[in-house]
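run_25.tsv follows (TSV, C-alpha atoms and all ligand atoms):
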```tsv
chain	number	residue	atom	x	y	z
U	124	MET	CA	0.00	0.00	0.00
U	125	ALA	CA	1.33	3.42	-0.88
U	126	ARG	CA	2.23	5.64	2.04
U	127	LEU	CA	-0.36	8.25	2.93
U	128	PHE	CA	2.36	10.55	4.18
U	129	HIS	CA	6.03	11.23	3.64
U	130	GLU	CA	8.55	8.43	3.44
U	131	VAL	CA	10.69	7.82	6.50
U	132	PRO	CA	13.77	5.62	6.95
U	133	SER	CA	12.83	1.98	7.45
U	134	ALA	CA	16.25	0.60	8.44
U	135	PRO	CA	17.45	0.49	12.08
U	136	SER	CA	19.50	3.52	13.04
U	137	LEU	CA	20.64	5.56	16.01
U	138	PHE	CA	18.97	8.81	16.96
U	139	GLN	CA	20.33	10.68	19.97
U	140	ASN	CA	21.87	7.44	21.30
U	141	CYS	CA	18.53	5.66	21.01
U	142	LEU	CA	18.21	2.60	18.77
U	143	VAL	CA	15.42	3.26	16.26
U	144	GLU	CA	13.81	0.04	15.02
U	145	PRO	CA	11.03	0.94	12.55
U	146	GLU	CA	8.30	-1.62	12.12
U	147	GLU	CA	5.05	-2.33	10.33
U	148	ALA	CA	2.53	-2.60	13.16
U	149	ARG	CA	-0.55	-4.81	13.25
U	150	SER	CA	-2.55	-2.51	15.51
U	151	ILE	CA	-2.59	1.08	16.60
U	152	LEU	CA	-5.87	1.55	18.49
U	153	ARG	CA	-6.72	0.00	21.83
U	154	PRO	CA	-10.17	0.40	23.44
U	155	GLN	CA	-9.95	2.22	26.75
U	156	ARG	CA	-12.31	3.59	29.35
U	157	ASP	CA	-11.40	6.76	31.25
U	158	GLU	CA	-13.30	7.78	34.37
U	159	ARG	CA	-13.53	11.36	33.19
U	160	LEU	CA	-13.85	11.04	29.45
U	161	GLY	CA	-15.68	7.78	28.98
U	162	LEU	CA	-15.10	5.18	26.32
U	163	GLY	CA	-12.38	5.85	23.85
U	164	PHE	CA	-9.26	4.54	22.20
U	165	THR	CA	-5.60	4.93	22.91
U	166	LEU	CA	-3.50	5.58	19.85
U	167	SER	CA	0.22	4.80	19.98
U	168	PRO	CA	2.29	5.74	16.92
U	169	TYR	CA	5.36	4.30	18.65
U	170	ARG	CA	6.27	1.21	20.63
U	171	GLY	CA	8.76	1.67	23.43
U	172	CYS	CA	9.72	5.08	24.80
U	173	ALA	CA	12.99	6.97	24.61
U	174	HIS	CA	12.15	8.87	27.78
U	175	GLY	CA	13.05	5.85	29.88
U	176	CYS	CA	11.30	6.83	33.11
U	177	ARG	CA	12.62	4.55	35.83
U	178	TYR	CA	9.20	3.99	37.38
U	179	CYS	CA	7.60	3.08	34.05
U	180	TYR	CA	6.27	-0.45	33.89
U	181	VAL	CA	5.60	-0.50	30.15
U	182	ARG	CA	9.04	-2.08	29.97
U	183	GLU	CA	7.46	-5.24	31.35
U	184	TYR	CA	4.71	-5.41	28.75
U	185	PRO	CA	5.05	-8.43	26.48
U	186	ASN	CA	5.45	-6.25	23.40
U	187	ALA	CA	8.31	-4.35	25.05
U	188	LEU	CA	10.38	-7.36	25.95
U	189	HIS	CA	11.84	-8.14	22.55
U	190	SER	CA	14.64	-5.59	22.64
U	191	GLN	CA	18.05	-6.28	24.12
U	192	GLU	CA	18.44	-2.57	24.80
U	193	GLU	CA	17.60	-1.14	28.19
U	194	TRP	CA	14.29	0.69	28.62
U	195	GLY	CA	14.66	4.15	27.13
U	196	GLY	CA	17.39	2.94	24.78
U	197	TRP	CA	15.14	1.84	21.90
U	198	ILE	CA	12.08	3.04	20.06
U	199	ALA	CA	9.99	1.38	17.37
U	200	PRO	CA	8.17	3.86	15.12
U	201	LYS	CA	5.08	2.27	13.59
U	202	LEU	CA	5.75	3.28	10.02
U	203	ASN	CA	2.25	2.34	8.90
U	204	ALA	CA	0.53	4.17	11.80
U	205	PRO	CA	-1.32	6.67	9.56
U	206	GLU	CA	-2.47	3.95	7.16
U	207	LEU	CA	-3.62	1.75	10.06
U	208	LEU	CA	-5.53	4.62	11.62
U	209	TRP	CA	-7.16	5.48	8.33
U	210	SER	CA	-8.16	1.87	7.72
U	211	GLN	CA	-9.77	1.68	11.19
U	212	ARG	CA	-11.47	5.06	11.13
U	213	HIS	CA	-14.93	3.41	11.24
U	214	ARG	CA	-14.21	2.40	14.87
U	215	LEU	CA	-13.79	5.99	16.01
U	216	HIS	CA	-17.33	7.21	15.61
U	217	ASN	CA	-17.98	9.56	18.56
U	218	ALA	CA	-15.01	8.16	20.49
U	219	THR	CA	-12.38	10.01	22.48
U	220	VAL	CA	-8.84	9.34	21.29
U	221	PHE	CA	-5.88	9.46	23.69
U	222	LEU	CA	-2.31	9.87	22.47
U	223	SER	CA	-0.77	7.98	24.13
U	224	THR	CA	-0.78	5.87	27.26
U	225	ALA	CA	2.02	3.37	26.69
U	226	THR	CA	4.48	5.73	25.05
U	227	ASP	CA	4.95	9.47	24.64
U	228	PRO	CA	3.61	10.64	21.26
U	229	TYR	CA	6.39	13.24	21.12
U	230	GLN	CA	9.40	10.97	21.06
U	231	PRO	CA	12.64	12.70	19.97
U	232	ILE	CA	12.45	10.79	16.67
U	233	GLU	CA	9.04	12.38	16.01
U	234	ARG	CA	11.12	15.36	14.92
U	235	GLU	CA	11.89	13.31	11.79
U	236	HIS	CA	9.15	10.71	11.47
U	237	ARG	CA	6.13	12.93	12.13
U	238	LEU	CA	3.92	9.89	12.76
U	239	THR	CA	2.03	11.61	15.56
U	240	ARG	CA	1.48	14.61	13.34
U	241	ALA	CA	0.20	12.39	10.52
U	242	CYS	CA	-2.24	10.67	12.89
U	243	LEU	CA	-3.44	14.01	14.25
U	244	LYS	CA	-4.11	15.19	10.71
U	245	ILE	CA	-6.33	12.18	10.17
U	246	LEU	CA	-8.19	12.77	13.44
U	247	LEU	CA	-8.72	16.37	12.40
U	248	GLU	CA	-10.10	15.27	9.05
U	249	LEU	CA	-12.39	12.76	10.76
U	250	ALA	CA	-13.71	15.47	13.07
U	251	THR	CA	-12.97	13.25	16.07
U	252	PRO	CA	-15.07	14.77	18.87
U	253	ARG	CA	-12.41	14.66	21.58
U	254	VAL	CA	-8.64	14.25	21.36
U	255	VAL	CA	-6.34	14.19	24.37
U	256	VAL	CA	-2.59	14.44	23.80
U	257	HIS	CA	-0.42	13.56	26.76
U	258	THR	CA	3.30	14.31	26.79
U	259	ARG	CA	6.41	15.28	28.70
U	260	SER	CA	8.05	16.92	25.72
U	261	ALA	CA	8.20	20.44	24.37
U	262	LEU	CA	8.39	18.85	20.93
U	263	VAL	CA	4.60	19.09	20.98
U	264	LEU	CA	5.11	22.73	20.06
U	265	GLN	CA	6.16	21.75	16.55
U	266	ASP	CA	2.48	20.89	15.99
U	267	LEU	CA	1.03	23.97	17.66
U	268	ASP	CA	-0.68	25.20	14.51
U	269	LEU	CA	-2.22	21.79	13.90
U	270	LEU	CA	-3.38	21.47	17.51
U	271	ARG	CA	-5.08	24.85	17.26
U	272	GLU	CA	-7.12	23.66	14.30
U	273	PHE	CA	-8.97	21.25	16.61
U	274	GLY	CA	-10.38	24.13	18.63
U	275	ASN	CA	-11.98	23.02	21.87
U	276	ARG	CA	-12.04	19.39	20.75
U	277	LEU	CA	-8.41	18.92	21.82
U	278	SER	CA	-6.55	19.27	25.08
U	279	VAL	CA	-2.96	18.58	26.07
U	280	GLY	CA	-2.01	16.90	29.32
U	281	PHE	CA	1.52	17.86	30.32
U	282	SER	CA	3.39	15.81	32.92
U	283	ILE	CA	5.38	17.81	35.44
U	284	PRO	CA	5.69	15.54	38.47
U	285	THR	CA	8.34	17.55	40.34
U	286	ASP	CA	9.70	21.08	40.54
U	287	ASP	CA	13.25	19.85	40.98
U	288	ASP	CA	15.23	18.98	37.87
U	289	THR	CA	17.80	17.07	39.93
U	290	VAL	CA	14.95	14.74	40.92
U	291	ARG	CA	13.90	14.54	37.27
U	292	GLN	CA	17.42	13.54	36.31
U	293	VAL	CA	17.13	10.55	38.64
U	294	VAL	CA	13.59	9.40	37.91
U	295	GLU	CA	13.16	10.45	34.27
U	296	PRO	CA	16.80	10.62	33.13
U	297	LYS	CA	16.08	10.84	29.40
U	298	ALA	CA	12.94	12.93	29.50
U	299	PRO	CA	13.02	16.68	28.86
U	300	PRO	CA	14.15	18.98	31.70
U	301	ILE	CA	11.51	20.53	33.94
U	302	PRO	CA	12.18	24.17	32.87
U	303	THR	CA	11.52	23.30	29.22
U	304	ARG	CA	8.23	21.69	30.23
U	305	TRP	CA	7.03	24.79	32.06
U	306	ALA	CA	7.99	26.88	29.04
U	307	ALA	CA	6.06	24.52	26.76
U	308	VAL	CA	2.95	24.64	28.97
U	309	GLU	CA	3.06	28.42	28.92
U	310	ARG	CA	3.51	28.56	25.16
U	311	LEU	CA	0.67	26.11	24.52
U	312	ALA	CA	-1.65	28.04	26.81
U	313	ARG	CA	-0.71	31.34	25.18
U	314	GLY	CA	-1.39	29.69	21.84
U	315	GLY	CA	-4.96	28.95	22.87
U	316	ILE	CA	-4.55	25.26	23.68
U	317	ASP	CA	-6.37	23.86	26.70
U	318	VAL	CA	-3.57	22.45	28.88
U	319	GLY	CA	-4.00	20.24	31.91
U	320	LEU	CA	-1.07	19.88	34.26
U	321	ALA	CA	-0.45	16.26	35.24
U	322	VAL	CA	1.44	16.12	38.52
U	323	THR	CA	1.79	12.43	37.96
U	324	PRO	CA	3.26	10.29	39.22
U	325	LEU	CA	3.94	12.62	42.10
U	326	MET	CA	7.68	12.87	42.85
U	327	PRO	CA	9.60	14.80	45.53
U	328	MET	CA	9.07	18.56	45.50
U	329	ASP	CA	11.56	21.19	46.56
U	330	ASN	CA	8.91	23.80	47.37
U	331	ILE	CA	5.27	22.71	47.16
U	332	GLN	CA	3.80	26.19	47.53
U	333	ALA	CA	6.06	27.65	44.85
U	334	PHE	CA	5.20	24.75	42.57
U	335	ALA	CA	1.49	25.42	43.01
U	336	ARG	CA	1.95	29.11	42.25
U	337	ARG	CA	3.95	28.23	39.14
U	338	ALA	CA	1.19	25.86	38.06
U	339	ALA	CA	-1.37	28.62	38.37
U	340	SER	CA	0.70	31.17	36.48
U	341	SER	CA	1.58	28.73	33.69
U	342	GLY	CA	-1.78	29.13	32.03
U	343	ALA	CA	-2.85	25.53	32.65
U	344	SER	CA	-6.60	25.40	33.02
U	345	SER	CA	-6.62	22.32	35.23
U	346	ALA	CA	-4.34	20.04	37.17
U	347	TRP	CA	-4.42	16.67	38.76
U	348	VAL	CA	-2.17	15.04	41.30
U	349	GLY	CA	-1.63	11.31	41.04
U	350	ARG	CA	0.36	9.09	43.34
U	351	LEU	CA	2.88	6.58	42.11
U	352	ARG	CA	1.51	3.08	42.14
U	353	LEU	CA	4.27	0.60	42.77
U	354	LEU	CA	4.23	-2.92	41.52
U	355	GLU	CA	4.99	-5.81	43.82
U	356	ARG	CA	8.78	-6.12	44.10
U	357	ASP	CA	9.08	-2.94	42.06
U	358	PRO	CA	12.79	-2.04	41.65
U	359	PHE	CA	11.85	1.64	41.75
U	360	LEU	CA	11.26	1.26	45.49
U	361	GLY	CA	15.03	0.83	45.80
U	362	VAL	CA	15.54	4.15	44.00
U	363	LEU	CA	13.19	5.86	46.45
U	364	LYS	CA	14.94	4.30	49.45
U	365	ASP	CA	18.40	5.17	48.17
U	366	HIS	CA	17.41	8.84	47.97
U	367	GLY	CA	15.21	8.93	51.08
U	368	TRP	CA	12.14	9.71	48.97
U	369	GLU	CA	9.68	7.13	50.34
U	370	ARG	CA	7.45	9.98	51.54
U	371	ILE	CA	6.01	10.36	48.07
U	372	LEU	CA	4.16	7.09	48.65
U	373	GLU	CA	2.21	8.52	51.58
U	374	ALA	CA	-1.34	9.74	51.09
U	375	ASP	CA	-0.64	12.79	53.30
U	376	TYR	CA	2.07	13.97	50.96
U	377	ALA	CA	-0.14	13.77	47.91
U	378	GLU	CA	-2.91	15.52	49.81
U	379	GLU	CA	-0.55	18.36	50.78
U	380	VAL	CA	0.39	18.88	47.13
U	381	ARG	CA	-3.21	18.54	46.01
U	382	GLN	CA	-4.42	21.16	48.48
U	383	ALA	CA	-1.65	23.55	47.55
U	384	VAL	CA	-2.53	23.24	43.87
U	385	GLN	CA	-6.23	23.56	44.63
U	386	ARG	CA	-5.64	26.83	46.48
U	387	GLU	CA	-3.99	28.22	43.36
U	388	ILE	CA	-6.23	26.63	40.69
U	389	PRO	CA	-9.50	26.28	42.65
U	390	GLN	CA	-11.72	25.65	39.60
U	391	GLY	CA	-9.33	23.40	37.82
U	392	LEU	CA	-8.20	20.69	40.19
U	393	ARG	CA	-9.43	17.40	38.87
U	394	PRO	CA	-10.14	14.52	41.19
U	395	GLN	CA	-7.50	11.84	41.39
U	396	ARG	CA	-8.14	9.46	38.55
U	397	ARG	CA	-8.44	6.45	40.80
U	398	PRO	CA	-8.55	5.94	44.55
U	399	PRO	CA	-5.33	4.50	45.97
U	400	THR	CA	-5.16	0.84	45.11
U	401	PRO	CA	-3.44	-2.08	46.77
U	402	PRO	CA	-0.21	-3.26	45.14
U	403	ARG	CA	-0.71	-4.47	41.63
U	404	PRO	CA	0.25	-7.93	40.44
U	405	ALA	CA	3.88	-8.80	39.88
U	406	LEU	CA	5.53	-7.24	36.85
U	407	PRO	CA	5.01	-9.83	34.09
U	408	ARG	CA	1.25	-9.92	34.57
U	409	VAL	CA	0.70	-6.19	34.20
U	410	GLN	CA	-1.42	-5.45	31.14
U	411	ASN	CA	-3.42	-2.61	29.73
U	412	GLN	CA	-2.33	0.02	32.23
U	413	GLN	CA	-1.70	3.68	31.54
U	414	PRO	CA	1.80	4.57	32.69
U	415	CYS	CA	1.87	8.03	31.20
U	416	LEU	CA	-1.36	9.01	32.89
U	417	PHE	CA	-0.98	7.15	36.21
J	1	LIG	S1	6.10	6.89	31.89
J	1	LIG	FE1	5.45	7.53	29.82
J	1	LIG	S2	7.10	8.94	29.14
J	1	LIG	FE2	7.92	7.76	30.85
J	1	LIG	S3	8.96	6.00	29.88
J	1	LIG	FE3	6.87	5.34	30.42
J	1	LIG	S4	5.70	5.65	28.57
J	1	LIG	FE4	7.58	6.89	28.38
```
In structure tokens, how does this file's structure come out?
Ligand code: SF4
Amino acid sequence: MARLFHEVPSAPSLFQNCLVEPEEARSILRPQRDERLGLGFTLSPYRGCAHGCRYCYVREYPNALHSQEEWGGWIAPKLNAPELLWSQRHRLHNATVFLSTATDPYQPIEREHRLTRACLKILLELATPRVVVHTRSALVLQDLDLLREFGNRLSVGFSIPTDDDTVRQVVEPKAPPIPTRWAAVERLARGGIDVGLAVTPLMPMDNIQAFARRAASSGASSAWVGRLRLLERDPFLGVLKDHGWERILEADYAEEVRQAVQREIPQGLRPQRRPPTPPRPALPRVQNQQPCLF
């Protein structure tokens, strides 16, 4: 089948020290139910994630286990993502579409592949009633004009789980720095995009009150605070212990951050997506979760 959009390299290569392994995918949409937005589909133009968050459990998904590279060291662009989406457009009638929950749609390689952009163009053409883009990357700004074309049918969720970039360097070592994320939130909001601040999964804060004030002044219209949910025998618990950060697991800590944010964005604080849950099953059995949204 001829490509709907521009040709991209199909051979393995390196991009910013990340192994790029392009593939022809068999699926791109996964049915999903969100407590706030109802039934919809997640859309993942990539498999794997170059951001390599150390708490991320996508690495244990069956379809992430094939690579010999460490998590964050490989990415598989789904070269046929636009064609797949187009061929399955009949499934999207009146559905919300989330990009993405098991990867970040603005991978560094998106700068070249533009698969997320191609999929967004299709969603725009289909007049999809609700599109939610969730990211940690300022690369989303390269599509600002396209995002604006959706009007109030699109919102961006931006993850900023800490105010301290030294914490970010430990927990999200390959993800964009915190200052660039704040700048991206501000630019999106100034550009007329509805931005929700995702303080998820909540990480250590240097100054909770200052963080809340920054959240309010960023232009984000809403925010939500979500606690980290550890797996049984989760190796990330060792990271928390090594740094003395176990407090982030306590409900009181999340409540303190939530209240601080609520004081600054009183109309926009969303309820926590789920009540705290008991430990999830051991790593290999985890399926169909939403690491980027927590
Ligand atoms: S939490 Fe999200 S951004 Fe981080 S590695 Fe996992 S999929 Fe990527």
Would you give me, as a Markdown table, each residue of chain U having an atom within 8 Å of an atom of ligand LIG 1 (chain J), along with its shortest atom pair and that distance in Å to one decimal, using all atoms listed in the file and sorting by chain and residue number?
```
| residue | atom | partner | partner_atom | distance |
| --- | --- | --- | --- | --- |
| U:Gly171 | CA | J:LIG1 | S4 | 7.2 |
| U:Cys172 | CA | J:LIG1 | FE4 | 4.5 |
| U:Ala173 | CA | J:LIG1 | FE4 | 6.6 |
| U:His174 | CA | J:LIG1 | S3 | 4.8 |
| U:Gly175 | CA | J:LIG1 | S3 | 4.1 |
| U:Cys176 | CA | J:LIG1 | S3 | 4.1 |
| U:Arg177 | CA | J:LIG1 | S3 | 7.1 |
| U:Tyr178 | CA | J:LIG1 | S1 | 6.9 |
| U:Cys179 | CA | J:LIG1 | FE3 | 4.3 |
| U:Tyr180 | CA | J:LIG1 | FE3 | 6.8 |
| U:Val181 | CA | J:LIG1 | FE3 | 6.0 |
| U:Arg182 | CA | J:LIG1 | FE3 | 7.7 |
| U:Trp194 | CA | J:LIG1 | S3 | 7.6 |
| U:Gly195 | CA | J:LIG1 | S3 | 6.6 |
| U:Thr224 | CA | J:LIG1 | S4 | 6.6 |
| U:Ala225 | CA | J:LIG1 | S4 | 4.7 |
| U:Thr226 | CA | J:LIG1 | S4 | 3.7 |
| U:Asp227 | CA | J:LIG1 | S2 | 5.0 |
| U:Thr258 | CA | J:LIG1 | S2 | 7.0 |
| U:Arg259 | CA | J:LIG1 | S2 | 6.4 |
| U:Glu295 | CA | J:LIG1 | FE2 | 6.8 |
| U:Ala298 | CA | J:LIG1 | S2 | 7.1 |
| U:Pro414 | CA | J:LIG1 | S1 | 5.0 |
| U:Cys415 | CA | J:LIG1 | FE1 | 3.9 |
| U:Leu416 | CA | J:LIG1 | FE1 | 7.6 |
```
Legend entry - Which of U:Pro185, U:Pro228, U:Gly163, U:Pro296 sits closest to His216 of chain U [using all atoms listed in the file]: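 Answer, going by the shortest atom-to-atom distance: U:Gly163.
Distances from U:Pro327, U:Pro200, U:Pro358, U:Gly274 to Glu233 of chain U were compared using all atoms listed in the file, and the smallest one belongs to U:Pro200.
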Residues of segment 285-320 of chain U within 7 Å of segment 335-348 of chain U: nearest atom pair and distance (Å, one decimal) for each, counting only C-alpha atoms, sorted by chain and number, as a tab-separated table?
```
residue	atom	partner	partner_atom	distance
U:Trp305	CA	U:Ser341	CA	6.9
U:Val308	CA	U:Ser341	CA	6.4
U:Glu309	CA	U:Ser341	CA	5.0
U:Ala312	CA	U:Gly342	CA	5.3
U:Asp317	CA	U:Ser344	CA	6.5
U:Val318	CA	U:Ala343	CA	4.9
U:Gly319	CA	U:Ser345	CA	4.7
U:Leu320	CA	U:Ala346	CA	4.4
```
Inset, instruction - Write out as a PyMOL selection string each polymer residue whose atoms come within 8 Å of Ala377 of chain U, counting only C-alpha atoms; drop sequence neighbours fewer than 4 positions from it. - result: chain U and resi 325+348-350+371-373+381
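Proximity ranking of U:Met328, U:Glu355, U:Gly391, U:Leu277 relative to Glu379 of chain U places U:Met328 first, based on all atoms listed in the file.
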Legend entry - Nearest candidate to Ser260 of chain U (options U:Val290, U:Leu353, U:Ile301, U:Val362; using all atoms listed in the file):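 Among U:Val290, U:Leu353, U:Ile301, U:Val362, it is U:Ile301 that comes nearest to Ser260 of chain U.
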Legend entry - For atom CA of Glu183 of chain U and atom CA of Val254 of chain U, the interatomic separation in Å (one decimal): 27.2 Å
Legend entry - Point-to-point distance in Å for atom CA of Ile151 of chain U and atom CA of Asn217 of chain U: 17.7 Å
What are the centre and the three edge lengths of an axis-aligned box that wraps all atoms of segment 297-302 of chain U in the file, given that 6 Å is added to every side, written as AutoDock Vina command-line options and rounded to one decimal in Å?
```
--center_x 13.8 --center_y 17.5 --center_z 31.4 --size_x 16.6 --size_y 25.3 --size_z 17.1
```
Taking N, CA and C atoms as the atom set, what does segment 163-181 of chain U look like once completed, written as a CSV table (one decimal), in the frame of the given file?
```csv
chain,number,residue,atom,x,y,z
U,163,GLY,N,-13.2,5.3,24.9
U,163,GLY,CA,-12.4,5.8,23.8
U,163,GLY,C,-11.3,4.9,23.4
U,164,PHE,N,-10.3,5.4,22.7
U,164,PHE,CA,-9.3,4.5,22.2
U,164,PHE,C,-7.9,5.2,22.5
U,165,THR,N,-6.9,4.4,22.9
U,165,THR,CA,-5.6,4.9,22.9
U,165,THR,C,-4.9,4.7,21.6
U,166,LEU,N,-4.1,5.6,21.2
U,166,LEU,CA,-3.5,5.6,19.8
U,166,LEU,C,-2.0,5.8,20.1
U,167,SER,N,-1.2,4.8,19.7
U,167,SER,CA,0.2,4.8,20.0
U,167,SER,C,1.0,4.7,18.7
U,168,PRO,N,1.5,5.8,18.2
U,168,PRO,CA,2.3,5.7,16.9
U,168,PRO,C,3.7,5.1,17.1
U,169,TYR,N,4.1,4.9,18.4
U,169,TYR,CA,5.4,4.3,18.6
U,169,TYR,C,5.2,3.2,19.6
U,170,ARG,N,6.2,2.2,19.6
U,170,ARG,CA,6.3,1.2,20.6
U,170,ARG,C,7.6,1.5,21.3
U,171,GLY,N,7.6,1.3,22.7
U,171,GLY,CA,8.8,1.7,23.4
U,171,GLY,C,8.7,3.2,23.7
U,172,CYS,N,9.7,3.7,24.5
U,172,CYS,CA,9.7,5.1,24.8
U,172,CYS,C,11.1,5.5,25.1
U,173,ALA,N,11.6,6.5,24.4
U,173,ALA,CA,13.0,7.0,24.6
U,173,ALA,C,13.1,7.8,25.9
U,174,HIS,N,12.1,8.1,26.6
U,174,HIS,CA,12.2,8.9,27.8
U,174,HIS,C,12.6,8.0,29.0
U,175,GLY,N,12.4,6.8,28.9
U,175,GLY,CA,13.0,5.8,29.9
U,175,GLY,C,12.8,6.1,31.3
U,176,CYS,N,11.6,6.6,31.7
U,176,CYS,CA,11.3,6.8,33.1
U,176,CYS,C,11.5,5.6,33.9
U,177,ARG,N,12.2,5.7,35.1
U,177,ARG,CA,12.6,4.6,35.8
U,177,ARG,C,11.5,3.9,36.5
U,178,TYR,N,10.4,4.6,36.7
U,178,TYR,CA,9.2,4.0,37.4
U,178,TYR,C,8.3,3.4,36.4
U,179,CYS,N,8.5,3.5,35.1
U,179,CYS,CA,7.6,3.1,34.0
U,179,CYS,C,7.6,1.6,33.9
U,180,TYR,N,6.4,1.0,34.0
U,180,TYR,CA,6.3,-0.4,33.9
U,180,TYR,C,5.9,-0.9,32.5
U,181,VAL,N,5.8,0.0,31.5
U,181,VAL,CA,5.6,-0.5,30.2
U,181,VAL,C,6.7,-1.4,29.7
```
